[in-house]
file input25.json (JSON, C-alpha atoms and all ligand atoms)
[["chain", "number", "residue", "atom", "x", "y", "z"],
["A", 1125, "MET", "CA", 19.81, 13.27, 1.25],
["A", 1126, "LYS", "CA", 20.87, 10.36, -0.93],
["A", 1127, "LEU", "CA", 17.88, 8.49, -2.35],
["A", 1128, "ILE", "CA", 17.99, 4.84, -3.33],
["A", 1129, "TYR", "CA", 14.57, 4.87, -5.02],
["A", 1130, "LYS", "CA", 13.06, 7.54, -7.24],
["A", 1131, "ARG", "CA", 9.58, 6.10, -7.95],
["A", 1132, "VAL", "CA", 7.81, 3.99, -5.34],
["A", 1133, "LEU", "CA", 4.37, 2.57, -4.70],
["A", 1134, "LEU", "CA", 3.05, 2.55, -1.15],
["A", 1135, "LYS", "CA", 0.35, 0.07, -0.18],
["A", 1136, "ILE", "CA", -1.70, 0.99, 2.86],
["A", 1137, "SER", "CA", -4.36, -1.27, 4.27],
["A", 1138, "GLY", "CA", -7.63, 0.19, 5.45],
["A", 1139, "GLU", "CA", -6.89, -0.85, 9.02],
["A", 1140, "ILE", "CA", -4.28, 1.90, 9.27],
["A", 1141, "PHE", "CA", -7.10, 4.44, 9.25],
["A", 1142, "ASN", "CA", -8.62, 3.29, 12.52],
["A", 1143, "GLU", "CA", -6.05, 1.03, 14.20],
["A", 1144, "GLY", "CA", -8.86, -1.13, 15.54],
["A", 1145, "HIS", "CA", -10.60, 1.81, 17.23],
["A", 1146, "LYS", "CA", -14.34, 2.16, 17.07],
["A", 1147, "SER", "CA", -14.33, 5.24, 14.85],
["A", 1148, "ILE", "CA", -13.79, 4.47, 11.20],
["A", 1149, "PHE", "CA", -11.13, 7.12, 10.71],
["A", 1150, "LYS", "CA", -8.46, 8.37, 13.09],
["A", 1151, "LYS", "CA", -6.87, 11.24, 11.29],
["A", 1152, "ASN", "CA", -3.77, 11.71, 13.43],
["A", 1153, "ILE", "CA", -2.48, 8.23, 12.55],
["A", 1154, "ILE", "CA", -2.18, 9.05, 8.90],
["A", 1155, "GLN", "CA", -0.97, 12.64, 9.34],
["A", 1156, "SER", "CA", 2.65, 11.82, 10.21],
["A", 1157, "LEU", "CA", 2.81, 9.61, 7.15],
["A", 1158, "VAL", "CA", 1.50, 12.44, 4.96],
["A", 1159, "GLN", "CA", 4.12, 14.79, 6.45],
["A", 1160, "ASP", "CA", 6.87, 12.33, 5.46],
["A", 1161, "ILE", "CA", 5.40, 12.11, 1.96],
["A", 1162, "TYR", "CA", 5.37, 15.93, 1.77],
["A", 1163, "PHE", "CA", 9.12, 15.92, 2.52],
["A", 1164, "LEU", "CA", 9.86, 13.11, 0.05],
["A", 1165, "ILE", "CA", 7.93, 14.76, -2.79],
["A", 1166, "LYS", "CA", 9.92, 17.97, -2.22],
["A", 1167, "ILE", "CA", 13.20, 16.12, -2.70],
["A", 1168, "GLY", "CA", 12.05, 14.44, -5.91],
["A", 1169, "VAL", "CA", 10.55, 11.09, -4.95],
["A", 1170, "GLU", "CA", 7.56, 10.05, -7.07],
["A", 1171, "ILE", "CA", 4.92, 8.34, -4.95],
["A", 1172, "SER", "CA", 1.75, 6.49, -5.74],
["A", 1173, "ILE", "CA", -0.47, 4.87, -3.14],
["A", 1174, "VAL", "CA", -2.81, 1.91, -3.31],
["A", 1175, "VAL", "CA", -5.37, 2.13, -0.56],
["A", 1176, "GLY", "CA", -7.25, -0.83, 0.96],
["A", 1177, "GLY", "CA", -10.72, -0.95, 2.45],
["A", 1178, "GLY", "CA", -10.45, -3.36, 5.38],
["A", 1179, "ASN", "CA", -11.45, -0.77, 8.01],
["A", 1180, "LEU", "CA", -14.85, -0.59, 6.32],
["A", 1181, "PHE", "CA", -15.64, -3.83, 4.46],
["A", 1182, "ARG", "CA", -13.81, -6.93, 3.33],
["A", 1183, "GLY", "CA", -15.54, -9.25, 0.91],
["A", 1184, "ALA", "CA", -14.82, -12.37, 2.95],
["A", 1185, "ASP", "CA", -16.46, -10.93, 6.09],
["A", 1186, "LEU", "CA", -19.62, -9.98, 4.23],
["A", 1187, "SER", "CA", -19.84, -13.40, 2.53],
["A", 1188, "LYS", "CA", -19.93, -14.99, 5.98],
["A", 1189, "LEU", "CA", -23.08, -12.95, 6.65],
["A", 1190, "GLY", "CA", -24.69, -14.49, 3.58],
["A", 1191, "VAL", "CA", -24.08, -11.70, 1.08],
["A", 1192, "HIS", "CA", -23.24, -13.07, -2.39],
["A", 1193, "ASN", "CA", -19.44, -13.30, -2.90],
["A", 1194, "ILE", "CA", -19.36, -10.99, -5.88],
["A", 1195, "THR", "CA", -21.60, -8.38, -4.24],
["A", 1196, "SER", "CA", -19.41, -8.64, -1.12],
["A", 1197, "ASP", "CA", -16.31, -7.89, -3.15],
["A", 1198, "TYR", "CA", -17.92, -4.90, -4.85],
["A", 1199, "ILE", "CA", -18.84, -3.53, -1.42],
["A", 1200, "GLY", "CA", -15.16, -4.04, -0.47],
["A", 1201, "ILE", "CA", -14.04, -2.24, -3.63],
["A", 1202, "LEU", "CA", -16.38, 0.68, -2.86],
["A", 1203, "SER", "CA", -14.88, 0.94, 0.62],
["A", 1204, "THR", "CA", -11.43, 1.52, -0.91],
["A", 1205, "ILE", "CA", -12.93, 4.49, -2.79],
["A", 1206, "ILE", "CA", -14.25, 5.94, 0.47],
["A", 1207, "ASN", "CA", -10.77, 5.61, 1.99],
["A", 1208, "GLY", "CA", -9.26, 7.15, -1.14],
["A", 1209, "LEU", "CA", -11.48, 10.21, -0.79],
["A", 1210, "PHE", "CA", -10.53, 10.54, 2.86],
["A", 1211, "LEU", "CA", -6.81, 10.26, 2.07],
["A", 1212, "LYS", "CA", -7.05, 12.72, -0.80],
["A", 1213, "ASP", "CA", -8.63, 15.27, 1.52],
["A", 1214, "ILE", "CA", -5.71, 14.99, 3.97],
["A", 1215, "PHE", "CA", -3.16, 15.50, 1.18],
["A", 1216, "GLN", "CA", -5.05, 18.55, -0.01],
["A", 1217, "LYS", "CA", -5.01, 20.02, 3.52],
["A", 1218, "PHE", "CA", -1.20, 19.72, 3.43],
["A", 1219, "ASN", "CA", -1.09, 21.40, 0.01],
["A", 1220, "ILE", "CA", 0.38, 18.28, -1.58],
["A", 1221, "PRO", "CA", -0.61, 17.88, -5.23],
["A", 1222, "VAL", "CA", -2.74, 14.75, -5.37],
["A", 1223, "CYS", "CA", -4.93, 12.90, -7.82],
["A", 1224, "LEU", "CA", -7.44, 10.20, -6.90],
["A", 1225, "VAL", "CA", -7.76, 7.55, -9.56],
["A", 1226, "SER", "CA", -10.20, 4.66, -9.45],
["A", 1227, "SER", "CA", -10.37, 1.39, -11.33],
["A", 1228, "LEU", "CA", -14.11, 1.22, -10.63],
["A", 1229, "TYR", "CA", -15.66, 4.20, -12.29],
["A", 1230, "VAL", "CA", -17.31, 6.71, -9.96],
["A", 1231, "ASP", "CA", -16.89, 9.68, -12.27],
["A", 1232, "SER", "CA", -18.20, 12.41, -10.03],
["A", 1233, "VAL", "CA", -15.50, 11.87, -7.39],
["A", 1234, "CYS", "CA", -12.55, 10.05, -8.99],
["A", 1235, "ASN", "CA", -10.61, 10.10, -12.22],
["A", 1236, "LYS", "CA", -10.61, 6.96, -14.33],
["A", 1237, "TYR", "CA", -7.44, 4.88, -14.24],
["A", 1238, "ASN", "CA", -5.16, 5.37, -17.20],
["A", 1239, "VAL", "CA", -1.56, 4.19, -16.97],
["A", 1240, "GLU", "CA", 0.00, 6.88, -19.18],
["A", 1241, "GLU", "CA", -1.81, 9.63, -17.29],
["A", 1242, "ALA", "CA", -0.73, 8.14, -13.97],
["A", 1243, "LYS", "CA", 2.93, 8.05, -15.07],
["A", 1244, "HIS", "CA", 2.69, 11.63, -16.33],
["A", 1245, "LEU", "CA", 1.27, 12.81, -12.99],
["A", 1246, "LEU", "CA", 4.01, 10.98, -11.10],
["A", 1247, "SER", "CA", 6.69, 12.63, -13.22],
["A", 1248, "LYS", "CA", 5.14, 16.00, -12.24],
["A", 1249, "SER", "CA", 5.46, 15.17, -8.52],
["A", 1250, "VAL", "CA", 1.74, 14.58, -8.05],
["A", 1251, "VAL", "CA", 0.87, 11.89, -5.50],
["A", 1252, "VAL", "CA", -1.40, 9.43, -7.29],
["A", 1253, "ILE", "CA", -3.84, 7.55, -5.06],
["A", 1254, "PHE", "CA", -5.15, 4.39, -6.68],
["A", 1255, "CYS", "CA", -8.47, 3.19, -5.27],
["A", 1256, "GLY", "CA", -11.05, 0.67, -6.42],
["A", 1257, "GLY", "CA", -8.49, -2.17, -6.34],
["A", 1258, "ILE", "CA", -8.16, -3.52, -9.85],
["A", 1259, "GLY", "CA", -11.88, -2.86, -10.33],
["A", 1260, "VAL", "CA", -13.11, -6.43, -10.36],
["A", 1261, "PRO", "CA", -14.16, -8.93, -7.69],
["A", 1262, "CYS", "CA", -12.08, -11.91, -6.47],
["A", 1263, "PHE", "CA", -8.93, -9.85, -5.98],
["A", 1264, "THR", "CA", -7.43, -7.79, -3.18],
["A", 1265, "THR", "CA", -5.72, -4.44, -3.03],
["A", 1266, "ASP", "CA", -2.37, -6.27, -2.66],
["A", 1267, "SER", "CA", -2.87, -7.47, -6.23],
["A", 1268, "ALA", "CA", -3.78, -3.92, -7.25],
["A", 1269, "ALA", "CA", -0.61, -2.66, -5.58],
["A", 1270, "CYS", "CA", 1.64, -5.10, -7.47],
["A", 1271, "LEU", "CA", -0.13, -4.52, -10.76],
["A", 1272, "ARG", "CA", -0.06, -0.72, -10.53],
["A", 1273, "ALA", "CA", 3.59, -0.78, -9.38],
["A", 1274, "ILE", "CA", 4.54, -2.84, -12.43],
["A", 1275, "GLU", "CA", 2.48, -0.69, -14.81],
["A", 1276, "THR", "CA", 3.83, 2.61, -13.50],
["A", 1277, "GLU", "CA", 7.40, 1.27, -13.53],
["A", 1278, "SER", "CA", 7.82, 1.78, -9.81],
["A", 1279, "GLU", "CA", 11.08, 0.46, -8.40],
["A", 1280, "ILE", "CA", 9.66, -1.04, -5.23],
["A", 1281, "ILE", "CA", 6.37, -1.71, -3.47],
["A", 1282, "LEU", "CA", 6.36, -0.51, 0.12],
["A", 1283, "LYS", "CA", 3.77, -2.38, 2.13],
["A", 1284, "GLY", "CA", 2.97, -0.47, 5.30],
["A", 1285, "THR", "CA", 1.76, -2.74, 8.10],
["A", 1286, "LYS", "CA", 1.46, -2.80, 11.88],
["A", 1287, "VAL", "CA", 4.55, -5.03, 12.29],
["A", 1288, "ASN", "CA", 8.24, -4.24, 11.82],
["A", 1289, "GLY", "CA", 8.77, -6.67, 8.96],
["A", 1290, "VAL", "CA", 8.92, -10.41, 8.36],
["A", 1291, "TYR", "CA", 9.75, -12.54, 11.41],
["A", 1292, "SER", "CA", 10.97, -16.16, 11.55],
["A", 1293, "GLN", "CA", 7.89, -16.92, 13.68],
["A", 1294, "ASP", "CA", 4.94, -15.00, 15.01],
["A", 1295, "PRO", "CA", 6.40, -12.72, 17.74],
["A", 1296, "LYS", "CA", 3.05, -12.83, 19.55],
["A", 1297, "ASN", "CA", 3.45, -16.57, 20.14],
["A", 1298, "CYS", "CA", 7.25, -17.11, 20.31],
["A", 1299, "LYS", "CA", 10.05, -15.47, 22.32],
["A", 1300, "ASN", "CA", 13.16, -16.09, 20.23],
["A", 1301, "VAL", "CA", 12.21, -14.74, 16.85],
["A", 1302, "THR", "CA", 14.37, -13.17, 14.14],
["A", 1303, "LEU", "CA", 13.31, -10.07, 12.26],
["A", 1304, "TYR", "CA", 14.73, -10.46, 8.76],
["A", 1305, "SER", "CA", 16.17, -7.39, 7.04],
["A", 1306, "LYS", "CA", 16.40, -9.22, 3.70],
["A", 1307, "LEU", "CA", 14.75, -12.27, 2.16],
["A", 1308, "ASN", "CA", 14.42, -13.61, -1.34],
["A", 1309, "TYR", "CA", 11.13, -14.59, -3.00],
["A", 1310, "SER", "CA", 11.70, -18.32, -2.55],
["A", 1311, "ASP", "CA", 12.43, -17.90, 1.20],
["A", 1312, "VAL", "CA", 8.99, -16.33, 1.55],
["A", 1313, "LEU", "CA", 7.24, -19.01, -0.52],
["A", 1314, "ASN", "CA", 9.08, -21.99, 1.02],
["A", 1315, "ASN", "CA", 8.49, -20.82, 4.59],
["A", 1316, "GLU", "CA", 4.94, -19.61, 3.86],
["A", 1317, "TYR", "CA", 5.60, -16.21, 5.40],
["A", 1318, "ASN", "CA", 2.37, -14.29, 5.12],
["A", 1319, "VAL", "CA", 3.52, -11.02, 3.50],
["A", 1320, "MET", "CA", 0.63, -10.50, 1.09],
["A", 1321, "ASP", "CA", -1.87, -12.63, -0.78],
["A", 1322, "LEU", "CA", -0.29, -15.28, -2.97],
["A", 1323, "THR", "CA", -1.61, -14.01, -6.33],
["A", 1324, "ALA", "CA", -0.08, -10.61, -5.64],
["A", 1325, "PHE", "CA", 3.20, -12.04, -4.37],
["A", 1326, "VAL", "CA", 3.69, -14.31, -7.39],
["A", 1327, "LEU", "CA", 3.02, -11.35, -9.69],
["A", 1328, "ALA", "CA", 5.71, -9.31, -7.91],
["A", 1329, "ARG", "CA", 8.14, -12.23, -8.09],
["A", 1330, "ASN", "CA", 7.51, -12.83, -11.80],
["A", 1331, "TYR", "CA", 8.26, -9.18, -12.54],
["A", 1332, "LYS", "CA", 11.19, -9.04, -10.09],
["A", 1333, "LEU", "CA", 9.47, -6.21, -8.25],
["A", 1334, "PRO", "CA", 11.11, -5.74, -4.83],
["A", 1335, "ILE", "CA", 8.77, -5.61, -1.82],
["A", 1336, "CYS", "CA", 9.46, -3.91, 1.49],
["A", 1337, "ILE", "CA", 7.32, -4.87, 4.49],
["A", 1338, "PHE", "CA", 7.57, -2.22, 7.19],
["A", 1339, "ASN", "CA", 5.79, -0.68, 10.16],
["A", 1340, "LEU", "CA", 3.89, 2.46, 9.17],
["A", 1341, "ASN", "CA", 3.85, 3.59, 12.79],
["A", 1342, "ASN", "CA", 7.66, 3.72, 13.08],
["A", 1343, "HIS", "CA", 8.92, 7.29, 13.12],
["A", 1344, "HIS", "CA", 10.02, 8.41, 9.63],
["A", 1345, "ALA", "CA", 9.97, 4.81, 8.40],
["A", 1346, "LEU", "CA", 9.33, 5.82, 4.79],
["A", 1347, "ILE", "CA", 12.17, 8.33, 4.77],
["A", 1348, "LYS", "CA", 14.53, 5.74, 6.26],
["A", 1349, "ILE", "CA", 13.67, 3.14, 3.62],
["A", 1350, "LEU", "CA", 14.16, 5.61, 0.78],
["A", 1351, "SER", "CA", 17.52, 6.73, 2.11],
["A", 1352, "GLY", "CA", 18.72, 3.13, 2.43],
["A", 1353, "GLU", "CA", 18.65, 2.96, 6.25],
["A", 1354, "LYS", "CA", 17.78, -0.36, 7.88],
["A", 1355, "GLU", "CA", 13.98, -0.48, 8.18],
["A", 1356, "GLY", "CA", 11.56, -3.36, 7.61],
["A", 1357, "THR", "CA", 12.25, -6.42, 5.47],
["A", 1358, "ILE", "CA", 13.22, -6.17, 1.81],
["A", 1359, "ILE", "CA", 12.17, -9.11, -0.38],
["A", 1360, "ASN", "CA", 14.09, -9.36, -3.60],
["A", 1361, "GLY", "CA", 16.03, -11.89, -5.68],
["A", 1362, "ASP", "CA", 15.26, -15.51, -6.56],
["B", 1401, "LIG", "N1", -11.53, -6.17, -3.57],
["B", 1401, "LIG", "C1", -11.86, -6.80, -4.76],
["B", 1401, "LIG", "N2", -11.09, -6.57, -5.87],
["B", 1401, "LIG", "C2", -9.99, -5.74, -5.84],
["B", 1401, "LIG", "C3", -9.66, -5.14, -4.61],
["B", 1401, "LIG", "C4", -10.43, -5.37, -3.49],
["B", 1401, "LIG", "O1", -12.81, -7.55, -4.84],
["B", 1401, "LIG", "O2", -9.34, -5.56, -6.88],
["B", 1401, "LIG", "C5", -12.43, -6.32, -2.40],
["B", 1401, "LIG", "C6", -12.20, -7.57, -1.58],
["B", 1401, "LIG", "O3", -13.45, -8.04, -1.13],
["B", 1401, "LIG", "C7", -11.41, -7.05, -0.39],
["B", 1401, "LIG", "C8", -11.98, -5.67, -0.19],
["B", 1401, "LIG", "O4", -12.25, -5.21, -1.52],
["B", 1401, "LIG", "O5", -11.60, -7.85, 0.77],
["B", 1401, "LIG", "C9", -11.08, -4.66, 0.51],
["B", 1401, "LIG", "O6", -9.77, -4.75, -0.01],
["B", 1401, "LIG", "P1", -8.56, -5.37, 0.86],
["B", 1401, "LIG", "O7", -9.04, -6.55, 1.67],
["B", 1401, "LIG", "O8", -7.42, -5.62, -0.05],
["B", 1401, "LIG", "O9", -8.26, -4.15, 1.84],
["B", 1401, "LIG", "P2", -7.11, -4.04, 2.95],
["B", 1401, "LIG", "O10", -7.06, -5.37, 3.69],
["B", 1401, "LIG", "O11", -5.82, -3.79, 2.26],
["B", 1401, "LIG", "O12", -7.55, -2.90, 3.83]]
call {"tool": "encode", "arguments": {"input": "input25.json", "output": "structure tokens"}}
result
Amino acid sequence: MKLIYKRVLLKISGEIFNEGHKSIFKKNIIQSLVQDIYFLIKIGVEISIVVGGGNLFRGADLSKLGVHNITSDYIGILSTIINGLFLKDIFQKFNIPVCLVSSLYVDSVCNKYNVEEAKHLLSKSVVVIFCGGIGVPCFTTDSAACLRAIETESEIILKGTKVNGVYSQDPKNCKNVTLYSKLNYSDVLNNEYNVMDLTAFVLARNYKLPICIFNLNNHHALIKILSGEKEGTIINGD
């Protein structure tokens, strides 16, 4: 199989773990993704993952309940660590070498983030799961994804979502919508397409880091993207 990317960073939001169901985790949803990653690792792709926490807690939701903003964000950060532990366990069950690294130090369950160590692990075909966001409040795991992708010299950030990519308009509200296969950074900014939070997006643009928005539930979506097949929307170029 011809690969168009060798080192990639996958961003998965917490909501992928439960798909809106009542239970916090639905294991089967994530299993097909892990199987694809197993295959990709075997053929030499280096994969890191930034995991979100939205299935458990988001800072903004807690603030609305009257919890202090900063405390709310730390609760959100801790929820990404819970998801990281869950994801690590699944990788281990598939015998995939994996290392859980956190930006917020919880030494008994996660390694501390260190960029050189992360790059070394990636070069040894270990899946590196980054949790704890960037370790401080007022950010999101999209920012963590862009930052870690830049630091680890990943070639692209793959943002797994519940939609097939970026549409001209919201397909839920409009009939005649276009699903873009390619966009440049300014198209996204000028049209205010909501691909990720603005801080994260501007960081990716400034470092010319390509972004792919794709549907994690599509069969073998990751494999298709890495082999250059049409899947999702690629954002790249001024
Ligand atoms: N968060 C934070 N700093 C970070 C990353 C995350 O404060 O560097 C908090 C923030 O409150 C956020 C929550 O953790 O709402 C969960 O992360 P996110 O919303 O990015 O999760 P996702 O939507 O991707 O599941």
call {"tool": "atom_distance", "arguments": {"input": "input25.json", "atom1": "atom CA of Asp1213 of chain A", "atom2": "atom CA of Val1250 of chain A"}}
result
14.1 Å
call {"tool": "closest_atom_pairs", "arguments": {"input": "input25.json", "of": "chain A", "to": "ligand LIG 1401 (chain B)", "cutoff": "10 Å", "atoms": "all atoms listed in the file", "output": "Markdown table"}}
result
| residue | atom | partner | partner_atom | distance |
| --- | --- | --- | --- | --- |
| A:Lys1135 | CA | B:LIG1401 | O11 | 7.7 |
| A:Ile1136 | CA | B:LIG1401 | O11 | 6.3 |
| A:Ser1137 | CA | B:LIG1401 | O11 | 3.5 |
| A:Gly1138 | CA | B:LIG1401 | O12 | 3.5 |
| A:Glu1139 | CA | B:LIG1401 | O12 | 5.6 |
| A:Ile1140 | CA | B:LIG1401 | O12 | 8.0 |
| A:Phe1141 | CA | B:LIG1401 | O12 | 9.1 |
| A:Val1174 | CA | B:LIG1401 | O11 | 8.5 |
| A:Val1175 | CA | B:LIG1401 | O11 | 6.6 |
| A:Gly1176 | CA | B:LIG1401 | O11 | 3.5 |
| A:Gly1177 | CA | B:LIG1401 | O12 | 4.0 |
| A:Gly1178 | CA | B:LIG1401 | O12 | 3.3 |
| A:Asn1179 | CA | B:LIG1401 | O12 | 6.1 |
| A:Leu1180 | CA | B:LIG1401 | C9 | 8.0 |
| A:Phe1181 | CA | B:LIG1401 | C9 | 6.1 |
| A:Arg1182 | CA | B:LIG1401 | O5 | 3.5 |
| A:Gly1183 | CA | B:LIG1401 | O3 | 3.2 |
| A:Ala1184 | CA | B:LIG1401 | O5 | 6.0 |
| A:Asp1185 | CA | B:LIG1401 | O5 | 7.8 |
| A:Leu1186 | CA | B:LIG1401 | O3 | 8.4 |
| A:Ser1187 | CA | B:LIG1401 | O3 | 9.1 |
| A:Asn1193 | CA | B:LIG1401 | O3 | 8.2 |
| A:Ile1194 | CA | B:LIG1401 | O1 | 7.5 |
| A:Thr1195 | CA | B:LIG1401 | O3 | 8.7 |
| A:Ser1196 | CA | B:LIG1401 | O3 | 6.0 |
| A:Asp1197 | CA | B:LIG1401 | O3 | 3.5 |
| A:Tyr1198 | CA | B:LIG1401 | O1 | 5.8 |
| A:Ile1199 | CA | B:LIG1401 | O4 | 6.8 |
| A:Gly1200 | CA | B:LIG1401 | O4 | 3.3 |
| A:Ile1201 | CA | B:LIG1401 | O4 | 4.1 |
| A:Leu1202 | CA | B:LIG1401 | O4 | 7.3 |
| A:Ser1203 | CA | B:LIG1401 | C9 | 6.8 |
| A:Thr1204 | CA | B:LIG1401 | C9 | 6.4 |
| A:Ile1205 | CA | B:LIG1401 | O4 | 9.8 |
| A:Asn1207 | CA | B:LIG1401 | O12 | 9.3 |
| A:Ser1227 | CA | B:LIG1401 | O2 | 8.3 |
| A:Leu1228 | CA | B:LIG1401 | O2 | 9.1 |
| A:Cys1255 | CA | B:LIG1401 | C3 | 8.4 |
| A:Gly1256 | CA | B:LIG1401 | C3 | 6.2 |
| A:Gly1257 | CA | B:LIG1401 | O2 | 3.5 |
| A:Ile1258 | CA | B:LIG1401 | O2 | 3.8 |
| A:Gly1259 | CA | B:LIG1401 | O2 | 5.1 |
| A:Val1260 | CA | B:LIG1401 | N2 | 4.9 |
| A:Pro1261 | CA | B:LIG1401 | O1 | 3.4 |
| A:Cys1262 | CA | B:LIG1401 | O1 | 4.7 |
| A:Phe1263 | CA | B:LIG1401 | N2 | 3.9 |
| A:Thr1264 | CA | B:LIG1401 | C3 | 3.7 |
| A:Thr1265 | CA | B:LIG1401 | O8 | 3.6 |
| A:Asp1266 | CA | B:LIG1401 | O8 | 5.7 |
| A:Ser1267 | CA | B:LIG1401 | O2 | 6.8 |
| A:Ala1268 | CA | B:LIG1401 | O2 | 5.8 |
| A:Ala1269 | CA | B:LIG1401 | O8 | 9.3 |
| A:Lys1283 | CA | B:LIG1401 | O11 | 9.7 |
| A:Gly1284 | CA | B:LIG1401 | O11 | 9.9 |
| A:Thr1285 | CA | B:LIG1401 | O11 | 9.6 |
| A:Met1320 | CA | B:LIG1401 | O11 | 9.4 |
| A:Asp1321 | CA | B:LIG1401 | O8 | 9.0 |
call {"tool": "closest_residue", "arguments": {"input": "input25.json", "among": "A:Leu1133, A:Ala1345, A:Cys1270, A:Leu1189", "to": "Asn1330 of chain A", "atoms": "only C-alpha atoms"}}
result
A:Cys1270
call {"tool": "atom_distance", "arguments": {"input": "input25.json", "atom1": "atom CA of Asn1300 of chain A", "atom2": "atom CA of Ile1358 of chain A"}}
result
20.9 Å
call {"tool": "closest_residue", "arguments": {"input": "input25.json", "among": "A:Asn1315, A:Leu1322, A:Ile1161, A:Glu1170", "to": "His1244 of chain A", "atoms": "all atoms listed in the file"}}
result
A:Glu1170
call {"tool": "closest_residue", "arguments": {"input": "input25.json", "among": "A:Val1287, A:Tyr1317, A:Ile1280, A:Val1312", "to": "Ile1335 of chain A", "atoms": "only C-alpha atoms"}}
result
A:Ile1280
call {"tool": "atom_distance", "arguments": {"input": "input25.json", "atom1": "atom CA of Leu1134 of chain A", "atom2": "atom CA of Leu1282 of chain A"}}
result
4.7 Å
call {"tool": "closest_residue", "arguments": {"input": "input25.json", "among": "A:Ser1249, A:Thr1357, A:Ser1351, A:Asn1341", "to": "Leu1127 of chain A", "atoms": "only C-alpha atoms"}}
result
A:Ser1351
call {"tool": "decode", "arguments": {"input": "input25.json", "residues": "segment 1198-1234 of chain A", "atoms": "C-alpha atoms", "output": "PDB file, in the first residue's frame"}}
result
ATOM      1  CA  TYR A1198      -9.325  21.596  35.173  1.00  0.00           C
ATOM      2  CA  ILE A1199     -12.264  19.204  35.546  1.00  0.00           C
ATOM      3  CA  GLY A1200     -12.398  19.116  31.716  1.00  0.00           C
ATOM      4  CA  ILE A1201      -8.659  18.423  31.549  1.00  0.00           C
ATOM      5  CA  LEU A1202      -9.017  15.581  34.067  1.00  0.00           C
ATOM      6  CA  SER A1203     -11.761  14.053  31.934  1.00  0.00           C
ATOM      7  CA  THR A1204      -9.332  13.808  28.995  1.00  0.00           C
ATOM      8  CA  ILE A1205      -7.042  11.757  31.259  1.00  0.00           C
ATOM      9  CA  ILE A1206      -9.892   9.369  32.073  1.00  0.00           C
ATOM     10  CA  ASN A1207     -10.542   8.938  28.338  1.00  0.00           C
ATOM     11  CA  GLY A1208      -6.821   8.456  27.746  1.00  0.00           C
ATOM     12  CA  LEU A1209      -6.718   5.618  30.265  1.00  0.00           C
ATOM     13  CA  PHE A1210      -9.732   4.000  28.629  1.00  0.00           C
ATOM     14  CA  LEU A1211      -8.192   4.289  25.158  1.00  0.00           C
ATOM     15  CA  LYS A1212      -4.836   2.967  26.334  1.00  0.00           C
ATOM     16  CA  ASP A1213      -6.547  -0.103  27.743  1.00  0.00           C
ATOM     17  CA  ILE A1214      -8.169  -0.862  24.376  1.00  0.00           C
ATOM     18  CA  PHE A1215      -4.826  -0.565  22.556  1.00  0.00           C
ATOM     19  CA  GLN A1216      -3.242  -2.898  25.065  1.00  0.00           C
ATOM     20  CA  LYS A1217      -6.002  -5.478  24.506  1.00  0.00           C
ATOM     21  CA  PHE A1218      -5.091  -5.415  20.795  1.00  0.00           C
ATOM     22  CA  ASN A1219      -1.398  -5.836  21.641  1.00  0.00           C
ATOM     23  CA  ILE A1220      -0.563  -2.471  20.104  1.00  0.00           C
ATOM     24  CA  PRO A1221       2.423  -0.785  21.768  1.00  0.00           C
ATOM     25  CA  VAL A1222       1.039   2.340  23.402  1.00  0.00           C
ATOM     26  CA  CYS A1223       2.178   5.052  25.768  1.00  0.00           C
ATOM     27  CA  LEU A1224      -0.138   7.435  27.624  1.00  0.00           C
ATOM     28  CA  VAL A1225       1.395  10.846  28.101  1.00  0.00           C
ATOM     29  CA  SER A1226      -0.215  13.679  30.028  1.00  0.00           C
ATOM     30  CA  SER A1227       0.438  17.399  30.120  1.00  0.00           C
ATOM     31  CA  LEU A1228      -1.164  17.564  33.565  1.00  0.00           C
ATOM     32  CA  TYR A1229       0.922  15.432  35.839  1.00  0.00           C
ATOM     33  CA  VAL A1230      -0.828  12.395  37.305  1.00  0.00           C
ATOM     34  CA  ASP A1231       2.328  10.369  37.805  1.00  0.00           C
ATOM     35  CA  SER A1232       0.812   7.129  38.996  1.00  0.00           C
ATOM     36  CA  VAL A1233      -1.123   6.557  35.766  1.00  0.00           C
ATOM     37  CA  CYS A1234       0.489   8.621  32.974  1.00  0.00           C
TER      38      CYS A1234
END
